[in-house]
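Encoded as structure tokens, the structure appears first; notes follow it.
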Amino acid sequence: MWYSSIRPSHTATPRHASHRIASSAACRPPASIRLGKRWTEFQGANNWDNLLDPLDPTLRSEILRYGSFVQATYSSCDLDTSSPSYASCRFPKHSLLRLSGLPFSGYRVTRNLHATSGSRLPHWAPASLSRQTSWIGFIAVCDDEAELARLGRRDIVIALRGTVTALEWLDNLRATLTHPTPSCTPTDHDPARTDPMVQRGFWSLFTSSSAAHRSLCDQVRDEIRRLLHQYSCDEMSITITGHSLGAALAVLTANDLSTMLGPSGPMVTVVSFAGPRVGNASFRRRMEEQGSKVLRIVNTSDIITKVPGFVDERDKEKMVLNWLISKSGWVYADIGRELRVSGRRTANVAVCHDLSHYLQLVNQLSEVCPLVSQVERLPRGWRGAGILAGDAL
């Protein structure tokens, strides 16, 4: 196992303490695992065909490596609600990866990212609960010669954490679908439309701005343009990784970047952990047509991956029920290729959803330990009614 644990910081709340399992020894996979010219394959060029069951050891190493970047977002975020710097980044940008347990990652953080909630609490709510804009992650670029040689290209990582603040929780619960317009202004759901639609709360977090910070969408666009210009002579990739809410925002980010960069742009890949559903079938088709690749790591016992809404499987025996639900604005689609893992069944929803638990389950998979692809599937029809999403319940 090339990742282990570090002691949680003194500011960590118990609910999030288990996220801090990355260590300085864990930050770089063995040097012998070289991707070389096959890097596009591991980034999903062939939709990870023949790599998932059984799980290819190199792909497993890459999944764990990207998971360690997400862990760094939790380690770097001030989670102490009594702190004046609650929900901000605890570390300077130049030393963020080192202080969060990744001193040998081969990457350099180039920009901090902030997300602004569109939800509001009553005026009498405590200030710590009413924080509208919070630090949510970072953008980093590979600048280590040995790692560049191992990866076979220069990789840009966008890492996004899960739900932390009360307002982010409220946005998670805004689960009806909305139309993501080019102007980044959502419109109301029209059941007669078949255009791409996304979850309203996630879209709000992605596109809302504040006096101090532009929208997450604009922050990412600006930095990606800058980095692509700076390294215009290099072969590039963009990998967006996130957990829970961060996984949902990763999908929206990939869709936006693929639209911005077009077919001539670098490969855009999502590696998501415990992600809720994000959009409808039309949104999924648009992402596929644009060439965005999404690898969705799912714990079969994690309810968060089965919400929000319903998935339309077009069961002809339930046409009336399907038609009624289709008018509700709650018809979602699962996006991307799934890597299913399965741990010991437990009633503790938070444990099933925890990032460290996910990485432990992935790490246990090997060539001689096939995936849980033969798990009994849910009954046909509309699956997974629910509205909750986020970091933990």
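In the structure tokens, chains take the letters A, B, ... in the order shown, each chain's residues start at 1, and ligands count up from 1 in the order shown.
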
Fewer than 2 positions away in the same chain doesn't count, so skip those; otherwise give me all residues within 12 Å of A:Thr259, counting only C-alpha atoms, as an MDAnalysis selection string.
chainID A and resid 182 221 252:257 261:266 268 286:292

Given the selection you just returned, output its residues as a file containing N, CA, C and O atoms, formatted as a PDB file, in the first residue's frame.
```pdb
ATOM      1  N   PRO A 182     -25.641  29.220 -21.620  1.00  0.00           N
ATOM      2  CA  PRO A 182     -24.288  29.718 -21.884  1.00  0.00           C
ATOM      3  C   PRO A 182     -23.908  30.903 -21.015  1.00  0.00           C
ATOM      4  O   PRO A 182     -22.751  31.134 -20.736  1.00  0.00           O
ATOM      5  N   ARG A 221     -11.723  28.547 -15.564  1.00  0.00           N
ATOM      6  CA  ARG A 221     -11.474  28.932 -16.946  1.00  0.00           C
ATOM      7  C   ARG A 221     -10.217  29.786 -17.059  1.00  0.00           C
ATOM      8  O   ARG A 221      -9.352  29.551 -17.915  1.00  0.00           O
ATOM      9  N   LEU A 252     -19.352  19.070 -13.740  1.00  0.00           N
ATOM     10  CA  LEU A 252     -19.717  20.361 -14.335  1.00  0.00           C
ATOM     11  C   LEU A 252     -18.489  21.072 -14.889  1.00  0.00           C
ATOM     12  O   LEU A 252     -18.549  21.704 -15.954  1.00  0.00           O
ATOM     13  N   THR A 253     -17.379  20.973 -14.188  1.00  0.00           N
ATOM     14  CA  THR A 253     -16.139  21.605 -14.650  1.00  0.00           C
ATOM     15  C   THR A 253     -15.659  20.969 -15.944  1.00  0.00           C
ATOM     16  O   THR A 253     -15.242  21.667 -16.881  1.00  0.00           O
ATOM     17  N   ALA A 254     -15.702  19.641 -16.023  1.00  0.00           N
ATOM     18  CA  ALA A 254     -15.274  18.953 -17.235  1.00  0.00           C
ATOM     19  C   ALA A 254     -16.140  19.354 -18.425  1.00  0.00           C
ATOM     20  O   ALA A 254     -15.630  19.597 -19.532  1.00  0.00           O
ATOM     21  N   ASN A 255     -17.438  19.426 -18.213  1.00  0.00           N
ATOM     22  CA  ASN A 255     -18.334  19.829 -19.286  1.00  0.00           C
ATOM     23  C   ASN A 255     -18.011  21.243 -19.762  1.00  0.00           C
ATOM     24  O   ASN A 255     -17.946  21.513 -20.966  1.00  0.00           O
ATOM     25  N   ASP A 256     -17.766  22.145 -18.818  1.00  0.00           N
ATOM     26  CA  ASP A 256     -17.485  23.534 -19.174  1.00  0.00           C
ATOM     27  C   ASP A 256     -16.149  23.656 -19.908  1.00  0.00           C
ATOM     28  O   ASP A 256     -16.049  24.369 -20.914  1.00  0.00           O
ATOM     29  N   LEU A 257     -15.118  22.962 -19.425  1.00  0.00           N
ATOM     30  CA  LEU A 257     -13.809  23.049 -20.072  1.00  0.00           C
ATOM     31  C   LEU A 257     -13.821  22.421 -21.457  1.00  0.00           C
ATOM     32  O   LEU A 257     -13.201  22.940 -22.392  1.00  0.00           O
ATOM     33  N   LEU A 261     -12.672  24.525 -24.635  1.00  0.00           N
ATOM     34  CA  LEU A 261     -11.448  24.160 -25.352  1.00  0.00           C
ATOM     35  C   LEU A 261     -11.710  23.538 -26.716  1.00  0.00           C
ATOM     36  O   LEU A 261     -10.870  23.621 -27.616  1.00  0.00           O
ATOM     37  N   GLY A 262     -12.869  22.891 -26.873  1.00  0.00           N
ATOM     38  CA  GLY A 262     -13.204  22.292 -28.149  1.00  0.00           C
ATOM     39  C   GLY A 262     -12.410  21.025 -28.436  1.00  0.00           C
ATOM     40  O   GLY A 262     -11.586  20.585 -27.626  1.00  0.00           O
ATOM     41  N   PRO A 263     -12.630  20.418 -29.604  1.00  0.00           N
ATOM     42  CA  PRO A 263     -11.993  19.132 -29.925  1.00  0.00           C
ATOM     43  C   PRO A 263     -10.482  19.208 -30.057  1.00  0.00           C
ATOM     44  O   PRO A 263      -9.796  18.187 -29.962  1.00  0.00           O
ATOM     45  N   SER A 264      -9.926  20.386 -30.279  1.00  0.00           N
ATOM     46  CA  SER A 264      -8.476  20.520 -30.411  1.00  0.00           C
ATOM     47  C   SER A 264      -7.785  20.705 -29.071  1.00  0.00           C
ATOM     48  O   SER A 264      -6.552  20.748 -29.013  1.00  0.00           O
ATOM     49  N   GLY A 265      -8.534  20.814 -28.000  1.00  0.00           N
ATOM     50  CA  GLY A 265      -7.961  21.027 -26.686  1.00  0.00           C
ATOM     51  C   GLY A 265      -7.411  19.750 -26.091  1.00  0.00           C
ATOM     52  O   GLY A 265      -7.565  18.651 -26.646  1.00  0.00           O
ATOM     53  N   PRO A 266      -6.761  19.850 -24.942  1.00  0.00           N
ATOM     54  CA  PRO A 266      -6.212  18.658 -24.281  1.00  0.00           C
ATOM     55  C   PRO A 266      -7.314  17.740 -23.781  1.00  0.00           C
ATOM     56  O   PRO A 266      -8.473  18.141 -23.636  1.00  0.00           O
ATOM     57  N   VAL A 268      -9.688  15.873 -21.379  1.00  0.00           N
ATOM     58  CA  VAL A 268     -10.298  16.239 -20.096  1.00  0.00           C
ATOM     59  C   VAL A 268     -10.897  14.982 -19.481  1.00  0.00           C
ATOM     60  O   VAL A 268     -11.756  14.333 -20.084  1.00  0.00           O
ATOM     61  N   ARG A 286     -24.404  15.027 -24.142  1.00  0.00           N
ATOM     62  CA  ARG A 286     -23.566  16.150 -24.546  1.00  0.00           C
ATOM     63  C   ARG A 286     -22.129  15.952 -24.084  1.00  0.00           C
ATOM     64  O   ARG A 286     -21.186  16.224 -24.828  1.00  0.00           O
ATOM     65  N   MET A 287     -21.944  15.469 -22.849  1.00  0.00           N
ATOM     66  CA  MET A 287     -20.588  15.225 -22.367  1.00  0.00           C
ATOM     67  C   MET A 287     -19.897  14.153 -23.204  1.00  0.00           C
ATOM     68  O   MET A 287     -18.709  14.270 -23.519  1.00  0.00           O
ATOM     69  N   GLU A 288     -20.624  13.118 -23.558  1.00  0.00           N
ATOM     70  CA  GLU A 288     -20.041  12.053 -24.373  1.00  0.00           C
ATOM     71  C   GLU A 288     -19.657  12.575 -25.756  1.00  0.00           C
ATOM     72  O   GLU A 288     -18.598  12.237 -26.287  1.00  0.00           O
ATOM     73  N   GLU A 289     -20.525  13.398 -26.340  1.00  0.00           N
ATOM     74  CA  GLU A 289     -20.244  13.957 -27.663  1.00  0.00           C
ATOM     75  C   GLU A 289     -19.037  14.885 -27.634  1.00  0.00           C
ATOM     76  O   GLU A 289     -18.283  14.971 -28.613  1.00  0.00           O
ATOM     77  N   GLN A 290     -18.836  15.582 -26.532  1.00  0.00           N
ATOM     78  CA  GLN A 290     -17.701  16.489 -26.405  1.00  0.00           C
ATOM     79  C   GLN A 290     -16.400  15.758 -26.135  1.00  0.00           C
ATOM     80  O   GLN A 290     -15.318  16.341 -26.265  1.00  0.00           O
ATOM     81  N   GLY A 291     -16.484  14.502 -25.758  1.00  0.00           N
ATOM     82  CA  GLY A 291     -15.279  13.730 -25.513  1.00  0.00           C
ATOM     83  C   GLY A 291     -14.793  13.724 -24.084  1.00  0.00           C
ATOM     84  O   GLY A 291     -13.707  13.200 -23.799  1.00  0.00           O
ATOM     85  N   SER A 292     -15.564  14.297 -23.158  1.00  0.00           N
ATOM     86  CA  SER A 292     -15.178  14.248 -21.749  1.00  0.00           C
ATOM     87  C   SER A 292     -15.250  12.815 -21.247  1.00  0.00           C
ATOM     88  O   SER A 292     -16.190  12.091 -21.550  1.00  0.00           O
TER      89      SER A 292
END
```

Within 12 Å of stretch 333-349 of chain A, which residues of stretch 149-236 of chain A come that close, and what is the closest atom pair and distance in Å for each? Count only C-alpha atoms and give it as JSON lines.
```
{"residue": "A:Leu177", "atom": "CA", "partner": "A:Ala333", "partner_atom": "CA", "distance": 11.4}
{"residue": "A:Pro196", "atom": "CA", "partner": "A:Ala333", "partner_atom": "CA", "distance": 10.9}
{"residue": "A:Met197", "atom": "CA", "partner": "A:Ala333", "partner_atom": "CA", "distance": 10.3}
{"residue": "A:Val198", "atom": "CA", "partner": "A:Ala333", "partner_atom": "CA", "distance": 10.0}
{"residue": "A:Gln199", "atom": "CA", "partner": "A:Ala333", "partner_atom": "CA", "distance": 11.1}
```

Backbone DSSP call of strand (DSSP E or B) for stretch 104-327 of chain A, listed as a ChimeraX atom specification:
/A:107-116,133-142,154-160,177-179,187,198-199,236-243,267-273,279,293-299,310-311

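Within 9 Å of A:Tyr66, once only C-alpha atoms are used and residues closer than 6 positions along the same chain are dropped, the contacting residues are A:Val157, A:Ala159, A:Thr239, A:Ile240, A:Thr241, A:Gly242, A:Val271.
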
Within 8 Å of stretch 358-365 of chain A using only C-alpha atoms, minus same-chain residues under 5 positions, as a ChimeraX atom specification
/A:1,54-55,60,64,67,273-274,299,341-343,352-353,370-371

Would you please work out which residue, of A:Met236, A:Met267, A:Val278, A:Val164, is nearest to A:Thr81 when using only C-alpha atoms?
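Among A:Met236, A:Met267, A:Val278, A:Val164, it is A:Val164 that comes nearest to A:Thr81.
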
I need the residues of stretch 98-306 of chain A that end up classed as helix (DSSP H, G or I) by DSSP on the backbone, written out as an NGL selection string.
:A and (98-99 or 145-151 or 166-172 or 200-207 or 216-230 or 245-261 or 281-290 or 303-306)

Nearest residue to A:Ile297 out of A:Ser232, A:Ser272, A:Thr58, A:Gln71, using only C-alpha atoms?
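Checking each candidate against A:Ile297, we get A:Ser272 as the closest.
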
A:Gln230, A:Ser282, A:Thr40, A:Ser119: which is nearest A:Pro180, counting only C-alpha atoms?
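The closest residue to A:Pro180 is A:Ser282.
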
From the list A:Arg226, A:Arg120, A:Arg161, A:His357, which residue is nearest A:Cys89 when using only C-alpha atoms?
A:Arg161
